[in-house]
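This report refers to the structure that appears directly beneath it.
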Amino acid sequence: MSEQVSTVDETTERREEERREFHSYVWGIGLALLLTVVPFGLVHWIHGIPRFSLLVVIGAFALVQMLVHFRFFLHIGFKQKREDLHLILFSALLLTIMVAGTVWIMASLATRMVLPAQP
Amino acid sequence: MSPQVLKHPGLNLGPAHGKDDVAAESMMFGFWVFLMSDAILFGMVFATYVTSVQATAGGPGTHALYDLKSAFIETLLLLASSFTFGMASLALKYKHSKSRLIGWMILTLLLGMVFLGFELHDFSSMFAKGGVPSRSGFLSAFFDLVPLHGLHVAGGCLWLICLAGQILRYGLDTGTKLGIMRLALFWHFLDIIWIAIFSVVYLGGLT
Amino acid sequence: MSIAGLFEHPLGRLGLDSLPFWKMLEHPTRSDIVNGIIATGAASVVVLGALGLIVVLTRYRLWRVLWSEWLTSPDHKKIGIMYVVIAFVMLARALIEAGLMRAQQAYGLGGGFLSPDHFAQLFSTHGTIMIFFMAMPFLTGVINYVMPLQIGARDVSFPVLNSVSLGLTAAGAALVMVSLVLGKFSTGGWFGYPPYTEATFSPGVGPDYWIWALTLGSLGSTFTGINFAVTVYKERAPGMKLMRMPLFTWTALCTSILMIFAMPPLTVATAQLALDRYLGFHYFTNALGGNMMHFANLFWLFGHPEVYILILPAFGVYSEVISTFSGKVLYGYRSLVMATMTIAILSFTVWLHHFFTMGQSANINAVFGIASMLIGIPTGVKIYDWMLTMFRGRVRFTVPMVYSIGFILLFVLGGMSGILLANPTVDYQVHNTVFLVAHFHNMAVPGLLFGMIAAYHFWFPKAFGFRLNERWGLVAALCWIFGFMLAFFPLYVLGLMGLPRRTVAYTEPSYVPLEWVAFLGALLILTALASLLWQLWVSIKQRDENRVFAGDPWDGRSLEWSNSAPPPEYNFAVIPEVKGRDAFTMSKEGGTAYQRPDTYQDIELPKNSALGPVIAALGFALAFGLVWHIWWMVILSFLAAVAALILRGFARNTTRIVTAHEVRQQHLRWIDAVATATAIARADENKPANEGLAQHASDGVVP
Ligand code: HEM
Ligand SMILES: [Cu+2]
């Protein structure tokens, strides 16, 4: 903050900031809707897409949509404090390790044992 | 453009709010840490679900039970509620009138409750088709994941009501401001979880 | 269920047969009588202990003090002390159980005196208590006391949440204690594997006790982790950069992060088991698509990071103790920090080594085996750093130092056996034998427990203002070290001879001699416990000769030694300005310690809050109701807990002011005492002359 800012400037600056942040929410909801409708449409209206490709597309859209939420609703970007960014990256890393590890292990078990659960 | 560093995740109140903005830093960080812990909780429940989708034990499966249209509407409701909550946050930050703030909060609450209504309806129609949690490992996992999110939303709704009560009682003091800001994080976070549920459970389950 | 239905069985499953002597009265067979007498004795200790406490509190009119000075206090120092008290009580119980188990196995050739069920309850409660209600409260208490002081903070970030965490932990511990009197605890071991713990095979209340005690404890730990991590990130004094923090604070930070991320899988596992048991879900059942392996996976996703939650703070303690009593800067500070962080992250990548034999592919085993061995590297770095810290130092063999040296010697051995077990092919041979029991006790006892006891000796004078008796401390330390060796070295051999863990009786005569050695070891360990208690008694009697009000009995290096002993409730009259590592040593050497500031300021502190004890009581009632299916109690206590939280949201004016005038008076009283105290040389550290003021180079002497 500089020392000599006139109040007029301050209010315009604040109004500017408010407009920017309002737009952030508008962008957020717009992109989120788009990213929801497309995969929904692919699953609901269009048939005959190979299952695997469909899953990949759904996953990709979901990931992008999550980033959109982070950016536009939670206002997380690169201007964050160091510890905030560390925390987010670390959480993402652990979540990946734990979920991917679980799926890996349990899938391997399932293929190697005849679990009563498996059809 | 102010090159200032953001103090914490979520909308920052900014220096115009003086000591409330200062108090926000560790409070919001703490709450965010809690959400990350909660994210791991959801992650493990997701892992349970993913590894048990096939464990239907001869009972009904995804195609027989899920209603994609309803899930789609639920998604739209939640997205809309995230937007309205965003508007509430802006009303708080830029000191619009108290009634405007409460108005956005009530709108958010209504969207949340309608979402819960839809979800309960989904569950009851699943029950009617024999999709009860004790039927199979798959259904147990489903009823762990989706209602867990629903419970969070219900908790968020309760919190909204309490915050509205606090605003009416005390106006916008540090306590209520930080309350709204934390709830905002919580609400947007639940939206992200829902996107994962919509994609993995509903879309993924119906491919 | 109708409202009337809720009250149909107002006591749920509770009945006369829940009492420990009921079976013995009904069928007085020899075995039932022996087991009944032991169980009834244990129950009586709990009941009489509680009654005795109530009588003492009433007789000396201490209820008010207990309530307003302790239970509702948001002060991190008092909360820390209460945690440690819980830990000691639970330690005593779990050690007695360990002794009983060792006795049973010593007599176990062809029978012994305990029934298999009773033995199973013993190892289940012993393990559960040691991990969740001894180790966790102990380290949480020590961190609570020390960490905010080390970083120059007034308190943790969320003091009332801290008191709630304590309440949750206490409620969990109380639930385990009550299980001695009413009903029986789980027989499923500390990790409660289904399907054995499912309703089909364990229909009683045991696993429910286990589930809800753990749930309470792990909720408390999650909040504690959040609180500590935020405190370290946001409350450090000016100039206290991350790389200037004392190593103990570093380990506290890493442990907190592990708590935040490792508790959720446990919560999921126990919650799913509860859903299976209460509502007929099928997560881990044999039938209808349940998969018990998923429990093992979830549990150890928590369980392995958990063992590092336990060990890291102890590493921090050893670092502080070794550097202080060698009178030297900690060797390789940066590498110790790095090693701590590496261990914290690696600990999330190795959980599968707890179930190598479950049946996944060999490749997966190999990956996790290698990851497990990698942890040896940062740990090895730490050991070298500690040894190099001592190297050419003037090592003083005080009690904490004796524990530290015992730790280094024994821990290396335990680490070696761990590396062996990390190799899946070796693990296949010794899986589930007492070799494993020897390994993890080799980490838990010299690693964690010695560390905590060393911390207790090291910081006790800070917390209470007087030193502990050195002679009895030494007796206890030596009993611990030799007792540990006698009790657990034989188990390595027994394990290789094929003795499975959790064995109540055996038919192989060659086990007997080593079992007796282990039993003697356990007796020596019980002697150690008794010596600790006796030491406390003696020290309290002699407290006036051993006062260290000036606050620095060991020539300490970090900020917690820079104020009075005990410190004022606001910790620092003036928040210190930190210029480097070992902040207090720097200011002593620079001659800037013990200054009189020109001005003092008002200090804002949180007011007492009843939320902690209220949540403790309601959490206990909720869990108790769930265990015994007393549904009205469940519903009422749940609603009351929600109401309490909502009301807390409406609370305002939650802080109070300590005026600058009071701060000034207290501070000057201490500064004046420092001025009249005689600074002592290190050789006189354990003499009454030690008033807590250390001689220093800046005083013109070579210390
Ligand atoms: C210091 C003296 C101790 C003694 C004499 C002792 C003794 C024992 C014994 C006899 C068992 C049963 C072994 C078996 O399954 O055959 C056991 C199990 C166990 N102990 Fe200890 N113990 C001690 C300290 C500790 C400590 C400090 C911890 C942890 C912090 C600990 C954690 C456990 C655990 C987790 C189990 C496994 C329980 C189960 O099988 O589920 N013990 N201990
Ligand atoms: Cu492990």
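Residues are referred to by chain and number: the chain letter is A, B, ... according to the order shown in the structure tokens, the number counts from 1 in that chain, and ligands are numbered separately from 1 in the order shown.
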Contacts to ligand 2 at 7 Å cut-off (only C-alpha atoms and all ligand atoms) as a list in words: Gly303, His304, Val307, Val350, Trp351, His353 and His354 of chain C
Mind writing the picked residues with N, CA, C and O atoms as a PDB file, in the first residue's frame?
```pdb
ATOM      1  N   GLY C 303      -2.127 -46.920   9.842  1.00  0.00           N
ATOM      2  CA  GLY C 303      -1.252 -47.521  10.844  1.00  0.00           C
ATOM      3  C   GLY C 303       0.221 -47.236  10.647  1.00  0.00           C
ATOM      4  O   GLY C 303       0.937 -46.984  11.607  1.00  0.00           O
ATOM      5  N   HIS C 304       0.678 -47.251   9.397  1.00  0.00           N
ATOM      6  CA  HIS C 304       2.106 -46.980   9.275  1.00  0.00           C
ATOM      7  C   HIS C 304       2.467 -45.532   9.552  1.00  0.00           C
ATOM      8  O   HIS C 304       3.367 -45.276  10.351  1.00  0.00           O
ATOM      9  N   VAL C 307       2.897 -44.981  13.220  1.00  0.00           N
ATOM     10  CA  VAL C 307       4.102 -45.280  13.987  1.00  0.00           C
ATOM     11  C   VAL C 307       5.121 -44.152  13.854  1.00  0.00           C
ATOM     12  O   VAL C 307       5.917 -43.920  14.757  1.00  0.00           O
ATOM     13  N   VAL C 350       4.432 -46.892   2.369  1.00  0.00           N
ATOM     14  CA  VAL C 350       4.945 -48.216   2.729  1.00  0.00           C
ATOM     15  C   VAL C 350       3.923 -49.099   3.426  1.00  0.00           C
ATOM     16  O   VAL C 350       4.258 -50.171   3.902  1.00  0.00           O
ATOM     17  N   TRP C 351       2.667 -48.644   3.497  1.00  0.00           N
ATOM     18  CA  TRP C 351       1.727 -49.322   4.383  1.00  0.00           C
ATOM     19  C   TRP C 351       1.552 -50.797   4.091  1.00  0.00           C
ATOM     20  O   TRP C 351       1.228 -51.580   4.957  1.00  0.00           O
ATOM     21  N   HIS C 353       3.592 -53.068   3.773  1.00  0.00           N
ATOM     22  CA  HIS C 353       4.474 -54.049   4.413  1.00  0.00           C
ATOM     23  C   HIS C 353       3.820 -54.714   5.631  1.00  0.00           C
ATOM     24  O   HIS C 353       4.348 -55.687   6.147  1.00  0.00           O
ATOM     25  N   HIS C 354       2.672 -54.203   6.055  1.00  0.00           N
ATOM     26  CA  HIS C 354       1.973 -54.875   7.149  1.00  0.00           C
ATOM     27  C   HIS C 354       1.138 -56.049   6.669  1.00  0.00           C
ATOM     28  O   HIS C 354       0.621 -56.813   7.479  1.00  0.00           O
TER      29      HIS C 354
END
```
Grab me every residue within 7 Å of ligand 1, counting only C-alpha atoms and all ligand atoms, and send it over as a ChimeraX atom specification. /C:95,98-99,101-102,123-124,126-128,130-131,135,189-191,434,437,441,444-445,448-449,484,487,500-503,522,525
Written file, previous selection with N, CA and C atoms, as a PDB file, in the first residue's frame:
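Contents of result00.pdb, freshly written:
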```
ATOM      1  N   LEU C  95       0.991 -51.530  31.286  1.00  0.00           N
ATOM      2  CA  LEU C  95       2.182 -52.277  31.698  1.00  0.00           C
ATOM      3  C   LEU C  95       1.801 -53.436  32.602  1.00  0.00           C
ATOM      4  N   ALA C  98       0.724 -56.059  30.436  1.00  0.00           N
ATOM      5  CA  ALA C  98       1.860 -56.712  29.783  1.00  0.00           C
ATOM      6  C   ALA C  98       2.493 -57.724  30.721  1.00  0.00           C
ATOM      7  N   GLY C  99       2.638 -57.334  31.984  1.00  0.00           N
ATOM      8  CA  GLY C  99       3.210 -58.246  32.961  1.00  0.00           C
ATOM      9  C   GLY C  99       2.372 -59.511  33.097  1.00  0.00           C
ATOM     10  N   MET C 101       0.451 -60.799  30.828  1.00  0.00           N
ATOM     11  CA  MET C 101       0.604 -61.630  29.633  1.00  0.00           C
ATOM     12  C   MET C 101       1.906 -62.422  29.679  1.00  0.00           C
ATOM     13  N   ARG C 102       2.979 -61.728  30.123  1.00  0.00           N
ATOM     14  CA  ARG C 102       4.262 -62.424  30.200  1.00  0.00           C
ATOM     15  C   ARG C 102       4.181 -63.550  31.234  1.00  0.00           C
ATOM     16  N   PHE C 123      -4.169 -58.629  25.323  1.00  0.00           N
ATOM     17  CA  PHE C 123      -3.302 -58.041  24.288  1.00  0.00           C
ATOM     18  C   PHE C 123      -4.043 -56.977  23.491  1.00  0.00           C
ATOM     19  N   SER C 124      -5.376 -57.136  23.386  1.00  0.00           N
ATOM     20  CA  SER C 124      -6.111 -56.096  22.658  1.00  0.00           C
ATOM     21  C   SER C 124      -6.115 -54.776  23.415  1.00  0.00           C
ATOM     22  N   HIS C 126      -4.028 -53.894  25.832  1.00  0.00           N
ATOM     23  CA  HIS C 126      -2.646 -53.414  25.966  1.00  0.00           C
ATOM     24  C   HIS C 126      -2.232 -52.663  24.707  1.00  0.00           C
ATOM     25  N   GLY C 127      -2.439 -53.281  23.548  1.00  0.00           N
ATOM     26  CA  GLY C 127      -2.019 -52.638  22.298  1.00  0.00           C
ATOM     27  C   GLY C 127      -2.795 -51.357  22.044  1.00  0.00           C
ATOM     28  N   THR C 128      -4.110 -51.438  22.200  1.00  0.00           N
ATOM     29  CA  THR C 128      -4.942 -50.255  21.945  1.00  0.00           C
ATOM     30  C   THR C 128      -4.552 -49.106  22.860  1.00  0.00           C
ATOM     31  N   MET C 130      -1.711 -48.679  24.610  1.00  0.00           N
ATOM     32  CA  MET C 130      -0.348 -48.186  24.415  1.00  0.00           C
ATOM     33  C   MET C 130      -0.298 -47.218  23.237  1.00  0.00           C
ATOM     34  N   ILE C 131      -0.943 -47.571  22.148  1.00  0.00           N
ATOM     35  CA  ILE C 131      -0.863 -46.711  20.974  1.00  0.00           C
ATOM     36  C   ILE C 131      -1.745 -45.476  21.133  1.00  0.00           C
ATOM     37  N   ALA C 135       0.704 -43.522  24.173  1.00  0.00           N
ATOM     38  CA  ALA C 135       1.661 -42.816  23.326  1.00  0.00           C
ATOM     39  C   ALA C 135       1.088 -41.517  22.770  1.00  0.00           C
ATOM     40  N   GLY C 189      -7.521 -57.775  18.978  1.00  0.00           N
ATOM     41  CA  GLY C 189      -6.216 -57.167  18.788  1.00  0.00           C
ATOM     42  C   GLY C 189      -6.339 -55.674  18.557  1.00  0.00           C
ATOM     43  N   TRP C 190      -5.180 -54.997  18.494  1.00  0.00           N
ATOM     44  CA  TRP C 190      -5.261 -53.539  18.425  1.00  0.00           C
ATOM     45  C   TRP C 190      -5.702 -53.078  17.056  1.00  0.00           C
ATOM     46  N   PHE C 191      -5.608 -53.952  16.044  1.00  0.00           N
ATOM     47  CA  PHE C 191      -6.110 -53.506  14.752  1.00  0.00           C
ATOM     48  C   PHE C 191      -7.438 -54.138  14.372  1.00  0.00           C
ATOM     49  N   VAL C 434       6.421 -63.940  17.159  1.00  0.00           N
ATOM     50  CA  VAL C 434       6.845 -62.951  18.147  1.00  0.00           C
ATOM     51  C   VAL C 434       8.124 -62.238  17.717  1.00  0.00           C
ATOM     52  N   VAL C 437       6.754 -59.051  17.195  1.00  0.00           N
ATOM     53  CA  VAL C 437       6.463 -58.401  18.473  1.00  0.00           C
ATOM     54  C   VAL C 437       7.750 -57.784  19.027  1.00  0.00           C
ATOM     55  N   HIS C 441       8.251 -53.668  19.456  1.00  0.00           N
ATOM     56  CA  HIS C 441       8.536 -53.152  20.797  1.00  0.00           C
ATOM     57  C   HIS C 441       9.931 -52.548  20.847  1.00  0.00           C
ATOM     58  N   ALA C 444       9.114 -49.238  19.722  1.00  0.00           N
ATOM     59  CA  ALA C 444       8.177 -48.494  20.567  1.00  0.00           C
ATOM     60  C   ALA C 444       8.769 -48.182  21.931  1.00  0.00           C
ATOM     61  N   VAL C 445       9.500 -49.114  22.514  1.00  0.00           N
ATOM     62  CA  VAL C 445       9.967 -48.870  23.877  1.00  0.00           C
ATOM     63  C   VAL C 445      11.212 -47.971  23.890  1.00  0.00           C
ATOM     64  N   LEU C 448      10.024 -44.621  21.199  1.00  0.00           N
ATOM     65  CA  LEU C 448       8.986 -43.712  21.669  1.00  0.00           C
ATOM     66  C   LEU C 448       8.987 -43.511  23.184  1.00  0.00           C
ATOM     67  N   LEU C 449       8.900 -44.611  23.914  1.00  0.00           N
ATOM     68  CA  LEU C 449       8.660 -44.470  25.351  1.00  0.00           C
ATOM     69  C   LEU C 449       9.845 -43.824  26.063  1.00  0.00           C
ATOM     70  N   PHE C 484      13.962 -53.883  29.364  1.00  0.00           N
ATOM     71  CA  PHE C 484      13.576 -54.010  27.967  1.00  0.00           C
ATOM     72  C   PHE C 484      14.371 -55.118  27.294  1.00  0.00           C
ATOM     73  N   ALA C 487      13.227 -58.477  28.378  1.00  0.00           N
ATOM     74  CA  ALA C 487      11.865 -58.822  27.994  1.00  0.00           C
ATOM     75  C   ALA C 487      11.736 -59.080  26.505  1.00  0.00           C
ATOM     76  N   PRO C 500       4.111 -68.226  17.465  1.00  0.00           N
ATOM     77  CA  PRO C 500       3.243 -67.191  16.901  1.00  0.00           C
ATOM     78  C   PRO C 500       2.929 -66.118  17.928  1.00  0.00           C
ATOM     79  N   ARG C 501       2.663 -64.903  17.452  1.00  0.00           N
ATOM     80  CA  ARG C 501       2.240 -63.858  18.380  1.00  0.00           C
ATOM     81  C   ARG C 501       0.856 -64.210  18.918  1.00  0.00           C
ATOM     82  N   ARG C 502       0.461 -63.561  19.977  1.00  0.00           N
ATOM     83  CA  ARG C 502      -0.857 -63.737  20.588  1.00  0.00           C
ATOM     84  C   ARG C 502      -1.129 -65.178  21.018  1.00  0.00           C
ATOM     85  N   THR C 503      -0.045 -65.907  21.370  1.00  0.00           N
ATOM     86  CA  THR C 503      -0.239 -67.283  21.793  1.00  0.00           C
ATOM     87  C   THR C 503      -0.551 -67.331  23.281  1.00  0.00           C
ATOM     88  N   ALA C 522       9.892 -58.372  32.180  1.00  0.00           N
ATOM     89  CA  ALA C 522       8.660 -57.615  32.438  1.00  0.00           C
ATOM     90  C   ALA C 522       8.608 -57.177  33.892  1.00  0.00           C
ATOM     91  N   ILE C 525      10.685 -54.242  34.314  1.00  0.00           N
ATOM     92  CA  ILE C 525      10.014 -53.059  33.765  1.00  0.00           C
ATOM     93  C   ILE C 525       8.971 -52.535  34.748  1.00  0.00           C
TER      94      ILE C 525
END
```
Once you count only C-alpha atoms, what closest atom pair and distance in Å to one decimal does each residue of chain B within 9 Å of chain C have, with rows by chain and rising residue number, as a tab-separated table?
```
residue	atom	partner	partner_atom	distance
B:Glu25	CA	C:Lys234	CA	8.2
B:Ser26	CA	C:Lys234	CA	6.2
B:Met27	CA	C:Ser157	CA	8.1
B:Phe29	CA	C:Val230	CA	7.0
B:Gly30	CA	C:Val230	CA	5.8
B:Phe31	CA	C:Ile226	CA	8.5
B:Val33	CA	C:Ile226	CA	6.4
B:Phe34	CA	C:Ile226	CA	6.6
B:Met36	CA	C:Phe261	CA	7.9
B:Ser37	CA	C:Phe261	CA	5.6
B:Asp38	CA	C:Pro264	CA	7.2
B:Ala39	CA	C:Pro264	CA	8.8
B:Ile40	CA	C:Pro264	CA	6.2
B:Leu41	CA	C:Pro264	CA	4.8
B:Phe42	CA	C:Pro264	CA	8.6
B:Gly43	CA	C:Pro265	CA	8.9
B:Met44	CA	C:Pro265	CA	6.2
B:Val45	CA	C:Val268	CA	7.0
B:Thr48	CA	C:His294	CA	7.6
B:Thr51	CA	C:His294	CA	8.8
B:Ser52	CA	C:Gly289	CA	7.8
B:Gln54	CA	C:Gly289	CA	8.5
B:Ala55	CA	C:Gly289	CA	4.7
B:Thr56	CA	C:Gly289	CA	6.4
B:Ala57	CA	C:Leu288	CA	5.1
B:Gly58	CA	C:Leu288	CA	8.3
B:Gly59	CA	C:Leu288	CA	8.9
B:Pro133	CA	C:Phe281	CA	5.8
B:Ser134	CA	C:Phe281	CA	4.4
B:Arg135	CA	C:Leu288	CA	7.0
B:Ser136	CA	C:Leu288	CA	5.0
B:Gly137	CA	C:Gly289	CA	4.4
B:Phe138	CA	C:Gly289	CA	7.1
B:Leu139	CA	C:His282	CA	8.3
B:Ser140	CA	C:Phe281	CA	5.5
B:Ala141	CA	C:Tyr283	CA	7.2
B:Asp144	CA	C:Gln272	CA	8.0
B:Trp159	CA	C:Ile646	CA	8.3
B:Cys162	CA	C:Ile646	CA	7.1
B:Leu163	CA	C:Gly649	CA	8.3
B:Gly165	CA	C:Phe650	CA	8.7
B:Gln166	CA	C:Phe650	CA	6.3
B:Arg169	CA	C:Phe650	CA	8.7
B:Tyr170	CA	C:Phe650	CA	8.8
B:Gly175	CA	C:Arg652	CA	7.8
B:Thr176	CA	C:Gly649	CA	8.8
B:Gly179	CA	C:Gly649	CA	8.7
```
Neighbours of Met24 in chain C within 12 Å (only C-alpha atoms; same-chain residues fewer than 2 positions away dropped), as a PDB file with C-alpha atoms, in the first residue's frame?
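Once written, result_30.pdb looks like this:
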```pdb
ATOM      1  CA  ASP C  17     -23.988 -60.577  33.384  1.00  0.00           C
ATOM      2  CA  SER C  18     -21.963 -57.562  32.253  1.00  0.00           C
ATOM      3  CA  LEU C  19     -20.234 -57.574  35.624  1.00  0.00           C
ATOM      4  CA  PRO C  20     -16.837 -59.233  35.697  1.00  0.00           C
ATOM      5  CA  PHE C  21     -17.613 -61.668  38.535  1.00  0.00           C
ATOM      6  CA  TRP C  22     -20.973 -62.858  37.221  1.00  0.00           C
ATOM      7  CA  GLU C  26     -22.734 -68.838  37.791  1.00  0.00           C
ATOM      8  CA  HIS C  27     -20.286 -71.587  36.897  1.00  0.00           C
ATOM      9  CA  PRO C  28     -17.591 -71.778  39.493  1.00  0.00           C
ATOM     10  CA  THR C  29     -15.066 -73.842  37.552  1.00  0.00           C
ATOM     11  CA  ARG C  30     -11.408 -73.406  38.438  1.00  0.00           C
ATOM     12  CA  SER C  31     -10.573 -71.431  35.332  1.00  0.00           C
ATOM     13  CA  ASP C  32     -13.610 -69.193  35.663  1.00  0.00           C
ATOM     14  CA  ILE C  33     -12.710 -68.438  39.249  1.00  0.00           C
ATOM     15  CA  VAL C  34      -9.104 -67.511  38.462  1.00  0.00           C
ATOM     16  CA  ASN C  35     -10.084 -65.326  35.521  1.00  0.00           C
ATOM     17  CA  GLY C  36     -13.022 -63.882  37.412  1.00  0.00           C
ATOM     18  CA  ILE C  37     -10.845 -62.900  40.348  1.00  0.00           C
ATOM     19  CA  ILE C  38      -8.302 -61.201  38.115  1.00  0.00           C
ATOM     20  CA  ALA C  39     -10.992 -59.330  36.189  1.00  0.00           C
ATOM     21  CA  THR C  40     -12.817 -58.341  39.342  1.00  0.00           C
TER      22      THR C  40
END
```
Filtered DSSP result for chain B, state alpha helix (DSSP H), as JSON, numbers by chain: {"B": [19, 20, 21, 22, 23, 24, 25, 26, 27, 28, 29, 30, 31, 32, 33, 34, 35, 36, 37, 38, 39, 40, 41, 42, 43, 44, 45, 46, 47, 48, 49, 50, 51, 52, 62, 63, 64, 65, 68, 69, 70, 71, 72, 73, 74, 75, 76, 77, 78, 79, 80, 81, 82, 83, 84, 85, 86, 87, 88, 89, 90, 91, 92, 93, 98, 99, 100, 101, 102, 103, 104, 105, 106, 107, 108, 109, 110, 111, 112, 113, 114, 115, 116, 117, 118, 119, 120, 121, 122, 123, 124, 125, 126, 127, 128, 137, 138, 139, 140, 141, 142, 143, 144, 145, 146, 147, 148, 149, 150, 151, 152, 153, 154, 155, 156, 157, 158, 159, 160, 161, 162, 163, 164, 165, 166, 167, 168, 169, 170, 174, 175, 176, 177, 178, 179, 180, 181, 182, 183, 184, 185, 186, 187, 188, 189, 190, 191, 192, 193, 194, 195, 196, 197, 204, 205]}
Do you know which residues are at most 10 Å from Leu13 in chain B counting only C-alpha atoms, after dropping those on the same chain fewer than 3 positions away, and could you put them as a list of chain:residue names?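 Once the adjacent positions are removed, what remains is B:Leu6, B:Lys7, B:His8, B:Gly10, B:Ala16, B:His17, B:Gly18, B:Asp20, B:Asp21, B:Val22, B:Ala24, B:Ser89, B:Leu90, B:Leu92, B:Lys93, B:Tyr94, B:Lys177, B:Leu178, B:Met181.
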Based on only C-alpha atoms, which of the residues in chain A come within 7 Å of chain B? I want them as a PDB file with C-alpha atoms, in the first residue's frame.
```pdb
ATOM      1  CA  TYR A  25     -17.805 -16.085 -10.082  1.00  0.00           C
ATOM      2  CA  ILE A  29     -20.355 -20.879 -13.008  1.00  0.00           C
ATOM      3  CA  PHE A  40     -23.567 -35.496 -19.302  1.00  0.00           C
ATOM      4  CA  VAL A  43     -23.311 -40.246 -21.614  1.00  0.00           C
ATOM      5  CA  ARG A  51     -16.498 -47.228 -22.748  1.00  0.00           C
ATOM      6  CA  LEU A  55     -14.324 -42.794 -19.025  1.00  0.00           C
ATOM      7  CA  ILE A  58     -15.351 -37.903 -18.133  1.00  0.00           C
ATOM      8  CA  GLY A  59     -12.257 -38.006 -15.943  1.00  0.00           C
ATOM      9  CA  ALA A  62     -13.988 -33.640 -13.994  1.00  0.00           C
ATOM     10  CA  MET A  66     -12.197 -29.088 -10.244  1.00  0.00           C
ATOM     11  CA  HIS A  69     -13.689 -24.404  -8.979  1.00  0.00           C
ATOM     12  CA  PHE A  73     -14.731 -20.052  -6.564  1.00  0.00           C
ATOM     13  CA  LEU A  74     -11.939 -20.614  -4.083  1.00  0.00           C
ATOM     14  CA  HIS A  75      -9.686 -17.937  -5.612  1.00  0.00           C
ATOM     15  CA  ILE A  76      -6.614 -20.071  -5.432  1.00  0.00           C
ATOM     16  CA  LYS A  79      -0.469 -15.334  -5.509  1.00  0.00           C
ATOM     17  CA  GLN A  80      -1.166 -17.599  -2.560  1.00  0.00           C
ATOM     18  CA  LYS A  81       0.985 -17.709   0.543  1.00  0.00           C
ATOM     19  CA  ASP A  84      -1.232 -22.526   1.301  1.00  0.00           C
ATOM     20  CA  SER A  91      -2.687 -32.940  -0.087  1.00  0.00           C
ATOM     21  CA  LEU A  95      -4.582 -38.226  -2.034  1.00  0.00           C
ATOM     22  CA  VAL A  99      -6.284 -43.657  -3.606  1.00  0.00           C
ATOM     23  CA  THR A 102      -5.534 -48.689  -2.780  1.00  0.00           C
ATOM     24  CA  VAL A 103      -6.962 -49.271  -6.201  1.00  0.00           C
ATOM     25  CA  MET A 106      -7.153 -54.198  -4.363  1.00  0.00           C
ATOM     26  CA  ALA A 117     -17.728 -60.715  -4.735  1.00  0.00           C
ATOM     27  CA  GLN A 118     -16.494 -60.850  -8.282  1.00  0.00           C
TER      28      GLN A 118
END
```
For the atom pair CA of His661 in chain C and CA of Asn563 in chain C, what is the interatomic distance in Å to one decimal place?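 So the answer is 18.0 Å.
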Rounded to one decimal in Å, what is the spacing between CA of Asp555 in chain C and CA of Ala694 in chain C?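 Separating CA of Asp555 in chain C from CA of Ala694 in chain C is a distance of 5.4 Å.
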Got a sec: who's within 9 Å of His23 in chain A, counting only C-alpha atoms, leaving out chain neighbours fewer than 5 positions off, as a list in words? Glu18, Gly28 and Phe72 of chain A
Please tabulate, as a Markdown table, the residues of chain A that come within 10 Å of chain C, each with its closest pair of atoms and the distance in Å to one decimal, counting only C-alpha atoms and ordering rows by chain, then residue number upward.
```
| residue | atom | partner | partner_atom | distance |
| --- | --- | --- | --- | --- |
| A:Glu83 | CA | C:Tyr233 | CA | 7.6 |
| A:Leu87 | CA | C:Ile257 | CA | 9.6 |
| A:Phe90 | CA | C:Ile345 | CA | 9.3 |
| A:Ser91 | CA | C:Phe261 | CA | 8.0 |
| A:Leu93 | CA | C:Ile345 | CA | 9.8 |
| A:Leu94 | CA | C:Phe348 | CA | 7.5 |
| A:Leu95 | CA | C:Phe261 | CA | 9.0 |
| A:Ile97 | CA | C:Thr349 | CA | 7.2 |
| A:Met98 | CA | C:Leu301 | CA | 7.4 |
| A:Gly101 | CA | C:Thr349 | CA | 8.5 |
| A:Thr102 | CA | C:Asn297 | CA | 7.0 |
| A:Trp104 | CA | C:Ile364 | CA | 8.5 |
| A:Ile105 | CA | C:Gln360 | CA | 6.5 |
| A:Met106 | CA | C:His294 | CA | 7.3 |
| A:Ala107 | CA | C:Gln360 | CA | 8.6 |
| A:Ser108 | CA | C:Gln360 | CA | 5.5 |
| A:Leu109 | CA | C:Gln360 | CA | 4.7 |
| A:Ala110 | CA | C:Gln360 | CA | 8.4 |
| A:Thr111 | CA | C:Gln360 | CA | 8.8 |
| A:Arg112 | CA | C:Gln360 | CA | 6.9 |
| A:Met113 | CA | C:Gly359 | CA | 7.8 |
| A:Leu115 | CA | C:Asn291 | CA | 8.2 |
| A:Pro116 | CA | C:Gly289 | CA | 6.6 |
| A:Ala117 | CA | C:Gly289 | CA | 4.1 |
| A:Gln118 | CA | C:Gly289 | CA | 7.6 |
| A:Pro119 | CA | C:Gly289 | CA | 9.7 |
```
